[in-house]
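Participant: The structure is given below, and queries will be raised subsequently.
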Amino acid sequence: MTVYSTGFHHRSYIWQLTLVSFVLGLILAATIQTASQVSRAGNGPDREGFVFGSGSSAAMFTDLNKQIHSLQSENSHLRRNTQKLNDQIANRTGAASTLNQELLDAQEFAGLTEVAGPGIQVTLNDNSGAQVSTANPVSLNNLVHDADIMEVVNEMKISGAEAIAVNGQRIVNSSTIRCVGPVIQVNGVPCAPPYIVQAIGEPDSLYGGMNLPGGILSQMSQTSPSMVHMVKEKKVILPAFSGDTQFHYAHIVPVGQDPLASTGS
Amino acid sequence: MRLRDAALPISGMILGLGVGVFGFRNFHIHIPPDYAPYLSLAALAALDTVFGGLRAGLEGRFQNDIFASGFVLNTLLASTLAWVGDGLGINLGLVAVLVLGSRLFNNLSLMRRFYLNKRALLKKQQEEEAVQTLQTSSPA
């Protein structure tokens, strides 16, 4: 009746279709399995090559950040436990008590304990009213840079600060302050303005030291007085350092031994 | 081809899906995630082949060799295009997606037309027969 002959007597093609459909099902299963694997691992192939544009990478980033936070809180918890145990031992024997006091002093110096005392608080903020463009280098002075914070920290140490923290991150021996794109990382933790730099020390000498002409704060005040705000505090509480304190390469040289002899072991 | 003939390919696909999911899970076969884009292109090519085969069967023009070679070559070409495109920095997989996708729609519309035409023809025939029987049975 038409060009289409529907009464096709041998239907072998149905079986072939079935076979190919079976293979299609297999491929689909593989695709589904791989896709679920990718979403679980959170590191799918970045076909755009743009890390922050891909949802999976961003998810991994937040996951890792959460892990870091939980590990840091566990770390400080364990450190408190250790201190408690040390205190208990020290209460029993005199020698241990001396040792414990020395340990506490060392920990305090290293920034591994929460400390409180009089000091100052410096708040650094971007000059909000100003136009900032990369075309005009002078206009970049309206932003707080990592170098500014480093200089503030350095001047606080010169002025006699005993303990310093930036946005709740304790500054210790291994601390880093660096610029990563639009944010500044302190100890690897991203911080946003306003940057609050707190220091414990004699408040008046700290205040005077920070206010010396030609210092970093006076330079920033020249750009805009609104960028710097400094107050003396009766009591400043600084948190303990919560990062890694393990040394993997540096070893203590025993007293009286030639340091050169021990290297290379 | 009657509609119930389509049940066989569909159940074949569901069986394949089941065997695949079961097999991949139980025998711990892991396909590297980097191959996921190529795999989905292969699935698209296979789907295109199935639809093409259905349509050819409907039109009575089904040929074994064309069907089998088309399945293998289309699948390989689609995946290879994507792979080469990744090397060149162009998303050549889009070409395969576009062509195979449009062919899917094309084939589906042809199959739809075929069934609708058939139904219309059947109706017309019945009407003509009815008129004929009416004319023959009624006294002149």
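Simple scheme: letters A, B, ... for chains in structure tokens order, numbers from 1 for residues in each chain, numbers from 1 for ligands in the order shown.
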Would you kindly report the residues of chain B within 6 Å of chain A, using only C-alpha atoms, as a VMD selection string?
Facilitator: chain B and resid 1 9 12 to 13 16 to 17 20 to 21 33 to 34 39 to 40 43 46 59 to 60
Participant: Would you list the contacts of Gly70 in chain B as a PyMOL selection string, taking every protein, DNA or RNA residue within 10 Å and counting only C-alpha atoms, but skipping same-chain residues closer than 4 positions in sequence?
Facilitator: chain B and resi 45-46+48-49+52-53+64-66+74-76
Participant: Identify, with DSSP run on backbone atoms, the residues in range 5-124 of chain B assigned to alpha helix (DSSP H), and express the list as a PyMOL selection string.
Facilitator: chain B and resi 7-26+36-59+64-88+93-124
Participant: What is the distance between CA of Val172 in chain A and CA of Asn187 in chain A, in Å to one decimal?
Facilitator: 9.1 Å
Participant: Please provide as a ChimeraX atom specification all residues within 10 Å of range 86-98 of chain B, with the sequence filter that same-chain residues fewer than 4 positions apart are discarded (counting only C-alpha atoms).
Facilitator: /A:47-48 /B:37-38,40-42,44-45,74-75,77-82,102-104
Participant: Can you list, as a list in words, every protein, DNA or RNA residue that comes within 10 Å of Ser242 in chain A when you count only C-alpha atoms, leaving out same-chain residues fewer than 3 positions away?
Facilitator: His69, Leu71, Gln72, Ser73, Glu74, Asn75, Ser76, His77, Arg79, Gly111, Leu112, Thr113, Gln169, Arg170, Asn187, Pro239 and Thr245 of chain A
Participant: Quick one: everything within 8 Å of range 224-236 of chain A, counting only C-alpha atoms, minus sequence neighbours fewer than 6 positions away in the same chain. Send it as a PyMOL selection string.
Facilitator: chain A and resi 116-127+142+198-200+203-204+207+217
Participant: Go ahead and dump the residues you just picked, C-alpha atoms, as a tab-separated table (two decimals), in the first residue's frame.
Facilitator:
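File again-v2.tsv, as written:
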```tsv
chain	number	residue	atom	x	y	z
A	116	ALA	CA	45.90	37.38	78.56
A	117	GLY	CA	47.27	40.71	79.67
A	118	PRO	CA	47.32	44.45	79.01
A	119	GLY	CA	48.15	45.64	75.52
A	120	ILE	CA	46.94	47.43	72.45
A	121	GLN	CA	44.64	46.75	69.57
A	122	VAL	CA	45.29	48.11	66.08
A	123	THR	CA	42.51	47.95	63.52
A	124	LEU	CA	43.53	48.27	59.86
A	125	ASN	CA	40.87	48.85	57.25
A	126	ASP	CA	40.73	49.54	53.52
A	127	ASN	CA	40.05	53.16	52.62
A	142	ASN	CA	44.12	52.57	49.78
A	198	GLN	CA	46.27	42.63	69.04
A	199	ALA	CA	49.39	42.63	71.15
A	200	ILE	CA	50.16	42.07	74.82
A	203	PRO	CA	50.38	49.51	76.70
A	204	ASP	CA	52.04	52.92	76.83
A	207	TYR	CA	51.28	52.79	71.85
A	217	LEU	CA	50.87	53.38	60.97
```
Participant: What's around Leu103 in chain A at 12 Å? Count only C-alpha atoms, leave out sequence neighbours fewer than 3 positions away in its own chain, and write the answer as a list in words.
Facilitator: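 Here the qualifying residues turn out to be Thr82, Gln83, Asn86, Asp87, Ala90, Ala96, Ser97, Thr98, Leu99, Asn100, Ala106, Gln107, Glu108, Phe109, Ala110, Leu112 and Thr113 of chain A.
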